[in-house]
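Peer 1: Below is the file entry_13.txt, with compact mmCIF, C-alpha atoms.
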# COMPACT_ATOMS: atom_id res chain seq x y z
CA ALA A 1 73.22 104.96 94.56
CA ALA A 2 73.73 101.28 93.86
CA PRO A 3 77.05 100.17 92.37
CA THR A 4 77.15 99.91 88.58
CA ALA A 5 76.15 96.51 87.21
CA ALA A 6 79.17 94.66 85.85
CA GLY A 7 80.99 91.36 86.12
CA GLN A 8 83.16 90.57 89.11
CA THR A 9 85.27 93.11 90.97
CA TRP A 10 88.94 92.49 91.74
CA ILE A 11 91.18 94.40 94.13
CA VAL A 12 94.95 94.65 94.36
CA ALA A 13 96.20 96.87 97.20
CA MET A 14 99.92 97.26 97.94
CA GLY A 15 101.96 99.38 100.31
CA ALA A 16 105.62 99.74 101.26
CA ASP A 17 106.61 101.56 104.44
CA VAL A 18 110.07 102.49 103.21
CA GLN A 19 112.34 105.24 104.50
CA GLY A 20 110.13 106.88 107.10
CA LEU A 21 106.68 106.17 105.69
CA THR A 22 104.39 104.53 108.25
CA LYS A 23 100.87 104.47 106.79
CA THR A 24 101.14 102.92 103.32
CA ASN A 25 100.04 99.47 104.45
CA HIS A 26 97.21 100.92 106.52
CA VAL A 27 95.96 102.87 103.51
CA ALA A 28 96.20 99.80 101.26
CA GLU A 29 94.11 97.83 103.75
CA ARG A 30 91.53 100.62 104.06
CA PHE A 31 91.32 100.93 100.27
CA ALA A 32 90.70 97.20 99.84
CA ALA A 33 88.13 97.15 102.65
CA SER A 34 86.25 100.14 101.29
CA VAL A 35 86.08 98.90 97.69
CA GLY A 36 85.25 95.44 98.98
CA ARG A 37 82.23 96.72 100.88
CA MET A 38 80.99 98.95 98.06
CA PHE A 39 80.97 96.15 95.52
CA SER A 40 80.50 93.11 97.79
CA VAL A 41 83.83 91.67 96.70
CA PRO A 42 84.54 88.14 97.96
CA ALA A 43 87.82 87.58 99.80
CA ALA A 44 89.03 85.34 96.97
CA ASN A 45 89.03 88.37 94.66
CA ILE A 46 91.24 90.53 96.91
CA ARG A 47 95.01 90.63 97.25
CA ILE A 48 96.62 92.89 99.87
CA ASN A 49 100.41 93.05 99.95
CA ARG A 50 101.83 94.78 103.02
CA ASN A 51 105.43 95.99 102.72
CA VAL A 52 105.36 94.50 99.26
CA THR A 53 108.64 93.36 97.74
CA LYS A 54 109.32 93.14 94.02
CA ALA A 55 108.48 89.47 93.42
CA PRO A 56 105.05 89.56 95.12
CA PHE A 57 104.31 92.91 93.45
CA LEU A 58 104.77 91.39 89.99
CA ASP A 59 103.17 88.06 90.91
CA THR A 60 100.05 89.84 92.17
CA ILE A 61 99.56 91.62 88.84
CA ARG A 62 100.03 88.26 87.10
CA TRP A 63 97.37 86.79 89.40
CA LEU A 64 95.04 89.64 88.46
CA ALA A 65 95.64 89.15 84.75
CA GLY A 66 94.93 85.45 85.10
CA HIS A 67 91.58 85.94 86.81
CA ALA A 68 89.91 89.21 85.72
CA GLY A 69 87.57 88.74 82.78
CA PRO A 70 86.45 91.07 79.97
CA THR A 71 83.31 92.27 81.79
CA ASP A 72 85.03 92.70 85.15
CA ARG A 73 86.07 95.74 87.16
CA VAL A 74 89.58 96.08 88.63
CA PHE A 75 91.01 98.39 91.28
CA VAL A 76 94.79 98.59 91.79
CA VAL A 77 96.48 100.83 94.36
CA PHE A 78 100.13 101.29 95.26
CA SER A 79 101.14 103.57 98.12
CA GLY A 80 104.79 104.29 98.79
CA HIS A 81 107.88 106.04 97.50
CA GLY A 82 108.69 106.67 93.85
CA PHE A 83 111.53 108.21 91.86
CA THR A 84 113.10 108.27 88.40
CA MET A 85 116.29 106.87 86.89
CA THR A 86 117.95 107.06 83.48
CA ASP A 87 115.99 105.04 80.91
CA ASP A 88 117.64 101.65 80.45
CA ASN A 89 116.22 100.65 77.06
CA GLY A 90 115.59 103.86 75.08
CA ASP A 91 111.80 103.61 75.16
CA GLU A 92 111.16 106.80 77.11
CA ALA A 93 110.87 110.12 75.27
CA ASP A 94 112.10 111.99 78.34
CA GLY A 95 115.01 109.61 78.92
CA LEU A 96 113.71 108.56 82.34
CA ASP A 97 112.27 105.37 83.76
CA GLU A 98 109.85 105.67 86.65
CA ILE A 99 110.42 103.39 89.63
CA PHE A 100 108.09 101.95 92.29
CA VAL A 101 110.10 101.63 95.51
CA THR A 102 109.30 98.23 97.02
CA TYR A 103 110.25 97.02 100.49
CA ASP A 104 113.32 95.19 99.18
CA VAL A 105 115.37 98.38 99.63
CA GLU A 106 114.49 99.13 103.27
CA GLY A 107 117.70 99.49 105.24
CA VAL A 108 119.90 98.99 102.17
CA ALA A 109 122.54 101.72 101.92
CA ALA A 110 122.90 101.61 98.13
CA PRO A 111 120.04 99.56 96.64
CA MET A 112 120.20 98.29 93.07
CA ARG A 113 117.67 99.32 90.46
CA SER A 114 116.89 95.65 89.89
CA MET A 115 115.52 95.41 93.45
CA MET A 116 112.54 97.63 92.54
CA VAL A 117 109.76 97.73 89.93
CA SER A 118 110.14 99.89 86.84
CA ASP A 119 107.32 101.41 84.82
CA ASP A 120 108.28 99.12 81.93
CA GLU A 121 107.78 96.01 84.06
CA PHE A 122 104.49 97.31 85.42
CA ALA A 123 103.21 98.29 81.96
CA ALA A 124 104.13 94.92 80.46
CA LEU A 125 102.06 93.12 83.05
CA MET A 126 99.15 95.57 82.91
CA ARG A 127 98.94 94.87 79.17
CA THR A 128 97.80 91.37 80.08
CA VAL A 129 94.89 92.54 82.27
CA GLY A 130 91.79 92.27 80.12
CA ALA A 131 89.13 93.70 82.41
CA ARG A 132 86.59 96.21 81.07
CA ASP A 133 87.16 98.85 83.73
CA VAL A 134 90.60 99.22 85.30
CA VAL A 135 91.19 101.91 87.93
CA THR A 136 94.81 102.39 89.02
CA VAL A 137 95.58 104.67 91.97
CA LEU A 138 99.24 105.66 92.38
CA ASP A 139 99.91 107.47 95.64
CA THR A 140 103.63 108.12 95.35
CA CYS A 141 106.04 110.72 94.04
CA HIS A 142 109.67 111.66 93.53
CA SER A 143 111.79 114.56 94.71
CA GLY A 144 115.27 113.08 94.99
CA GLY A 145 115.83 115.29 98.03
CA LEU A 146 116.86 118.18 95.79
CA HIS A 147 113.89 120.51 95.60
CA LYS A 148 111.44 119.36 98.27
CA SER A 149 111.82 118.59 101.95
CA VAL A 150 109.65 117.67 104.89
CA ARG A 151 110.17 121.18 106.23
CA GLN A 152 108.16 122.51 103.29
CA THR A 153 105.16 120.31 104.00
CA PRO A 154 102.26 120.99 106.36
CA THR A 155 102.85 120.09 109.99
CA GLY A 156 102.77 116.34 110.55
CA ALA A 157 103.05 115.42 106.86
CA LYS A 158 105.89 113.59 105.13
CA ALA A 159 107.00 113.91 101.52
CA LYS A 160 106.76 110.49 99.87
CA SER A 161 110.10 110.87 98.09
CA PHE A 162 112.96 108.38 98.04
CA ASN A 163 116.22 109.96 99.16
CA VAL A 164 118.79 107.17 98.83
CA ALA A 165 121.36 106.89 96.07
CA VAL A 166 120.40 104.00 93.78
CA TRP A 167 122.91 102.35 91.51
CA ASP A 168 122.41 100.21 88.44
CA SER A 169 125.82 99.21 87.12
CA SER A 170 127.28 102.57 86.03
CA ARG A 171 124.00 104.48 85.96
CA ALA A 172 123.43 107.28 88.45
CA PRO A 173 119.97 108.52 89.50
CA ALA A 174 118.41 110.83 86.94
CA ALA A 175 117.31 114.42 87.43
CA THR A 176 114.34 115.04 89.66
CA LYS A 177 110.86 114.61 88.28
CA SER A 178 107.48 113.51 89.56
CA MET A 179 107.28 109.75 89.34
CA ILE A 180 103.56 109.83 88.83
CA ARG A 181 103.50 112.47 86.13
CA GLY A 182 106.39 110.79 84.38
CA ALA A 183 104.49 107.53 84.47
CA LEU A 184 101.47 109.13 82.83
CA GLU A 185 103.67 110.68 80.15
CA SER A 186 105.47 107.39 79.53
CA GLN A 187 104.49 105.88 76.17
CA ASP A 188 104.30 102.44 77.76
CA LEU A 189 101.92 103.39 80.52
CA ALA A 190 99.82 105.76 78.44
CA ASP A 191 99.27 103.10 75.77
CA SER A 192 99.24 99.97 77.88
CA ILE A 193 97.34 100.49 81.11
CA ARG A 194 93.73 99.88 80.28
CA GLY A 195 91.31 102.17 82.01
CA VAL A 196 92.10 105.22 84.07
CA VAL A 197 95.05 106.23 86.27
CA LEU A 198 94.50 108.49 89.27
CA ALA A 199 97.78 110.08 90.29
CA ALA A 200 98.52 111.70 93.63
CA ALA A 201 100.49 114.66 92.26
CA GLU A 202 101.40 116.66 89.18
CA GLU A 203 104.84 117.13 87.65
CA THR A 204 107.49 118.50 90.08
CA GLN A 205 105.19 117.87 93.02
CA VAL A 206 105.48 115.46 95.93
CA ALA A 207 102.67 113.32 97.30
CA LEU A 208 102.28 113.73 101.05
CA GLU A 209 101.66 111.22 103.82
CA GLY A 210 99.70 112.68 106.72
CA PRO A 211 98.74 111.19 110.08
CA GLU A 212 96.12 108.92 108.44
CA GLY A 213 98.11 108.03 105.33
CA GLY A 214 98.55 109.37 101.81
CA VAL A 215 96.64 112.63 101.64
CA PHE A 216 95.08 111.88 98.25
CA THR A 217 94.02 108.28 98.92
CA VAL A 218 92.64 109.16 102.36
CA ALA A 219 90.55 111.90 100.75
CA LEU A 220 89.22 109.38 98.21
CA LEU A 221 88.26 106.97 100.98
CA LYS A 222 86.49 109.65 102.98
CA SER A 223 84.41 110.73 99.98
CA TRP A 224 83.34 107.11 99.56
CA ALA A 225 82.53 106.67 103.23
CA ASP A 226 80.36 109.72 103.75
CA GLY A 227 78.39 109.47 100.52
CA SER A 228 79.51 112.89 99.30
CA ALA A 229 80.30 111.42 95.88
CA ARG A 230 77.90 109.39 93.75
CA THR A 231 80.39 108.48 91.03
CA LEU A 232 84.12 107.82 90.96
CA GLY A 233 84.49 110.99 88.91
CA GLN A 234 82.88 113.10 91.64
CA SER A 235 85.03 111.33 94.21
CA PHE A 236 88.22 112.15 92.31
CA THR A 237 87.26 115.81 92.04
CA LEU A 238 86.57 116.05 95.76
CA ALA A 239 89.78 114.21 96.68
CA ARG A 240 91.84 116.31 94.28
CA ASP A 241 90.57 119.55 95.77
CA THR A 242 90.99 118.27 99.34
CA ALA A 243 94.57 117.15 98.73
CA TYR A 244 95.41 120.46 97.09
CA ARG A 245 93.98 122.39 100.02
CA GLN A 246 95.46 120.22 102.77
CA SER A 247 98.90 120.29 101.16
CA ARG A 248 98.79 124.09 101.02
CA ASN A 249 98.69 124.01 97.23
CA GLN A 250 101.76 121.77 96.93
CA GLN A 251 100.00 118.62 95.73
CA ARG A 252 97.38 118.53 92.98
CA PRO A 253 96.28 115.02 91.92
CA SER A 254 95.82 114.31 88.23
CA MET A 255 94.06 111.84 85.98
CA ALA A 256 94.90 110.16 82.67
CA GLY A 257 93.23 107.55 80.52
CA ASP A 258 89.57 106.69 79.93
CA ALA A 259 87.71 109.35 81.90
CA ALA A 260 84.37 107.73 81.01
CA ILE A 261 85.14 105.01 83.58
CA LEU A 262 85.00 107.61 86.34
CA ASP A 263 81.38 108.40 85.53
CA ARG A 264 80.47 104.81 84.73
CA ILE A 265 81.37 103.53 88.20
CA THR A 266 78.76 104.60 90.74
CA LEU A 267 79.43 104.40 94.46
CA ALA A 268 77.53 103.27 97.53
CA PRO A 269 78.41 104.96 100.84
CA THR A 270 80.49 102.75 103.10
CA THR A 271 82.11 103.34 106.48
CA THR A 272 85.89 102.87 106.48
CA ARG A 273 88.45 103.10 109.26
Can the structure from this file be put into structure tokens for me?

Peer 2:
Amino acid sequence: AAPTAAGQTWIVAMGADVQGLTKTNHVAERFAASVGRMFSVPAANIRINRNVTKAPFLDTIRWLAGHAGPTDRVFVVFSGHGFTMTDDNGDEADGLDEIFVTYDVEGVAAPMRSMMVSDDEFAALMRTVGARDVVTVLDTCHSGGLHKSVRQTPTGAKAKSFNVAVWDSSRAPAATKSMIRGALESQDLADSIRGVVLAAAEETQVALEGPEGGVFTVALLKSWADGSARTLGQSFTLARDTAYRQSRNQQRPSMAGDAAILDRITLAPTTTR
């Protein structure tokens, strides 16, 4: 099938190989290459941030907001660690802020909350992206080291959970919760991110990194490459089921937002490595 007619396509792909992860940058690159081939995206419309730190993370979303137009299509992916902390401004019904762990914290014994990107910061910037179709893929999770461990994962896989104490003035890390699911439940993200969010795991679950990268994102890429999915919706279903099976029923990806986008975006098979 030919890609859906639309305006321009824009790609933001970011990874952060923090605390034992080794494939987030590789997956970000593969994601950008695959989408780029499917929709013939010029290099000027693509931003790839390897081992992304906080400032470039935020600046890249600002770049996207400044360029994507109302008839355009946008793909955003972040692969890395995630966790939750006590809400710092009272805007979260569950009392927790969700955090994207950027490369700023690598090797830091007690990183500060301000070194990473919160869901509030991300949502505020995504509010300024005016594209028609926005697809956000979040391949990250949170376990806090309390209820999941690498020993519980399939052989060769790593749990993408951040296991370092993080301090923000007098605030201690909050109780464990899936970063992704929390993000989808967050009023800010639910109301502010235009389009659809594809999340690597459900509540209380970890997202796994296997030998090729994040299990969920790799499954998405493979469904695009072999032509087994004709729409993004079919691709998500296949990747969800594959991730659930490969993780031995520990990881079940989820979706929130405008599901119509998933059927509106048709895919052309493309080889990806």

Peer 1: Calculated over only C-alpha atoms, which of the candidates A:Met116, A:Val218, A:Ile265, A:Val12 has the smallest distance to Ala43 in chain A?

Peer 2: A:Val12

Peer 1: Looking at only C-alpha atoms, which of A:Phe75, A:Gly20, A:Pro253, A:Thr128 is the one that sits closest to Ile46 in chain A?

Peer 2: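 The answer is A:Phe75, which sits nearest to Ile46 in chain A.
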
Peer 1: What's the 9 Å shell around Gln8 in chain A, counting all atoms listed in the file, without same-chain residues fewer than 2 positions away, as a PyMOL selection string?

Peer 2: chain A and resi 6+10+39+41+45+68-69+71-74

Peer 1: Limited to C-alpha atoms, could you put the picked residues into a file as a PDB file, keeping the file's coordinate frame?

Peer 2:
ATOM      1  CA  ALA A   6      79.170  94.660  85.850  1.00  0.00           C
ATOM      2  CA  TRP A  10      88.940  92.490  91.740  1.00  0.00           C
ATOM      3  CA  PHE A  39      80.970  96.150  95.520  1.00  0.00           C
ATOM      4  CA  VAL A  41      83.830  91.670  96.700  1.00  0.00           C
ATOM      5  CA  ASN A  45      89.030  88.370  94.660  1.00  0.00           C
ATOM      6  CA  ALA A  68      89.910  89.210  85.720  1.00  0.00           C
ATOM      7  CA  GLY A  69      87.570  88.740  82.780  1.00  0.00           C
ATOM      8  CA  THR A  71      83.310  92.270  81.790  1.00  0.00           C
ATOM      9  CA  ASP A  72      85.030  92.700  85.150  1.00  0.00           C
ATOM     10  CA  ARG A  73      86.070  95.740  87.160  1.00  0.00           C
ATOM     11  CA  VAL A  74      89.580  96.080  88.630  1.00  0.00           C
TER      12      VAL A  74
END

Peer 1: Calculated over all atoms listed in the file, which of the candidates A:Val117, A:Leu198, A:Ile99, A:Ala259 has the smallest distance to Ala55 in chain A?

Peer 2: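 Of A:Val117, A:Leu198, A:Ile99, A:Ala259, the one nearest Ala55 in chain A, counting all atoms listed in the file, is A:Val117.
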
Peer 1: Do you have the CA of His26 in chain A-CA of Val197 in chain A distance handy?

Peer 2: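 The value is 21.0 Å.
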
Peer 1: Neighbouring residues of Met255 in chain A were defined as those with any atom within 12 Å, considering only C-alpha atoms; residues of the same chain fewer than 3 positions away were excluded. Please report them as a PDB file with C-alpha atoms, keeping the file's coordinate frame.

Peer 2:
ATOM      1  CA  VAL A 135      91.190 101.910  87.930  1.00  0.00           C
ATOM      2  CA  THR A 136      94.810 102.390  89.020  1.00  0.00           C
ATOM      3  CA  VAL A 137      95.580 104.670  91.970  1.00  0.00           C
ATOM      4  CA  LEU A 138      99.240 105.660  92.380  1.00  0.00           C
ATOM      5  CA  ILE A 180     103.560 109.830  88.830  1.00  0.00           C
ATOM      6  CA  ARG A 181     103.500 112.470  86.130  1.00  0.00           C
ATOM      7  CA  ALA A 183     104.490 107.530  84.470  1.00  0.00           C
ATOM      8  CA  LEU A 184     101.470 109.130  82.830  1.00  0.00           C
ATOM      9  CA  GLU A 185     103.670 110.680  80.150  1.00  0.00           C
ATOM     10  CA  ALA A 190      99.820 105.760  78.440  1.00  0.00           C
ATOM     11  CA  GLY A 195      91.310 102.170  82.010  1.00  0.00           C
ATOM     12  CA  VAL A 196      92.100 105.220  84.070  1.00  0.00           C
ATOM     13  CA  VAL A 197      95.050 106.230  86.270  1.00  0.00           C
ATOM     14  CA  LEU A 198      94.500 108.490  89.270  1.00  0.00           C
ATOM     15  CA  ALA A 199      97.780 110.080  90.290  1.00  0.00           C
ATOM     16  CA  ALA A 200      98.520 111.700  93.630  1.00  0.00           C
ATOM     17  CA  ALA A 201     100.490 114.660  92.260  1.00  0.00           C
ATOM     18  CA  GLU A 202     101.400 116.660  89.180  1.00  0.00           C
ATOM     19  CA  LEU A 232      84.120 107.820  90.960  1.00  0.00           C
ATOM     20  CA  GLY A 233      84.490 110.990  88.910  1.00  0.00           C
ATOM     21  CA  PHE A 236      88.220 112.150  92.310  1.00  0.00           C
ATOM     22  CA  THR A 237      87.260 115.810  92.040  1.00  0.00           C
ATOM     23  CA  ALA A 239      89.780 114.210  96.680  1.00  0.00           C
ATOM     24  CA  ARG A 240      91.840 116.310  94.280  1.00  0.00           C
ATOM     25  CA  ARG A 252      97.380 118.530  92.980  1.00  0.00           C
ATOM     26  CA  ASP A 258      89.570 106.690  79.930  1.00  0.00           C
ATOM     27  CA  ALA A 259      87.710 109.350  81.900  1.00  0.00           C
ATOM     28  CA  ALA A 260      84.370 107.730  81.010  1.00  0.00           C
ATOM     29  CA  ILE A 261      85.140 105.010  83.580  1.00  0.00           C
ATOM     30  CA  LEU A 262      85.000 107.610  86.340  1.00  0.00           C
TER      31      LEU A 262
END

Peer 1: Separation of CA of Phe100 in chain A and CA of Ser118 in chain A, in Å?

Peer 2: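 CA of Phe100 in chain A sits 6.2 Å away from CA of Ser118 in chain A.
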
Peer 1: From the options A:Ile61, A:Leu221, A:Val76, A:Leu208, which residue's atoms come nearest to Ser247 in chain A, counting all atoms listed in the file?

Peer 2: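 Nearest to Ser247 in chain A: A:Leu208.
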
Peer 1: Calculated over all atoms listed in the file, which of the candidates A:Arg248, A:His81, A:Arg264, A:Arg127 has the smallest distance to Lys23 in chain A?

Peer 2: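 Answer, going by the shortest atom-to-atom distance: A:His81.
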
Peer 1: Is there a way to get, as a tab-separated table (two decimals) with C-alpha atoms, in the frame of the given file, all residues within 6 Å of the point (106.1, 106.1, 103.0) in file coordinates, counting only C-alpha atoms?

Peer 2:
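The file below, result_3.tsv, is the result:
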chain	number	residue	atom	x	y	z
A	17	ASP	CA	106.61	101.56	104.44
A	18	VAL	CA	110.07	102.49	103.21
A	20	GLY	CA	110.13	106.88	107.10
A	21	LEU	CA	106.68	106.17	105.69
A	22	THR	CA	104.39	104.53	108.25
A	24	THR	CA	101.14	102.92	103.32
A	80	GLY	CA	104.79	104.29	98.79
A	81	HIS	CA	107.88	106.04	97.50
A	160	LYS	CA	106.76	110.49	99.87

Peer 1: For CA of Leu238 in chain A and CA of Gly213 in chain A, quote the distance in Å rounded to one decimal.

Peer 2: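 Computing the Euclidean distance for CA of Leu238 in chain A and CA of Gly213 in chain A yields 17.0 Å.
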
Peer 1: Quick one: residues within 7 Å of Arg50 in chain A, only C-alpha atoms, excluding same-chain residues fewer than 5 positions away - as a ChimeraX atom specification?

Peer 2: /A:14-16,25
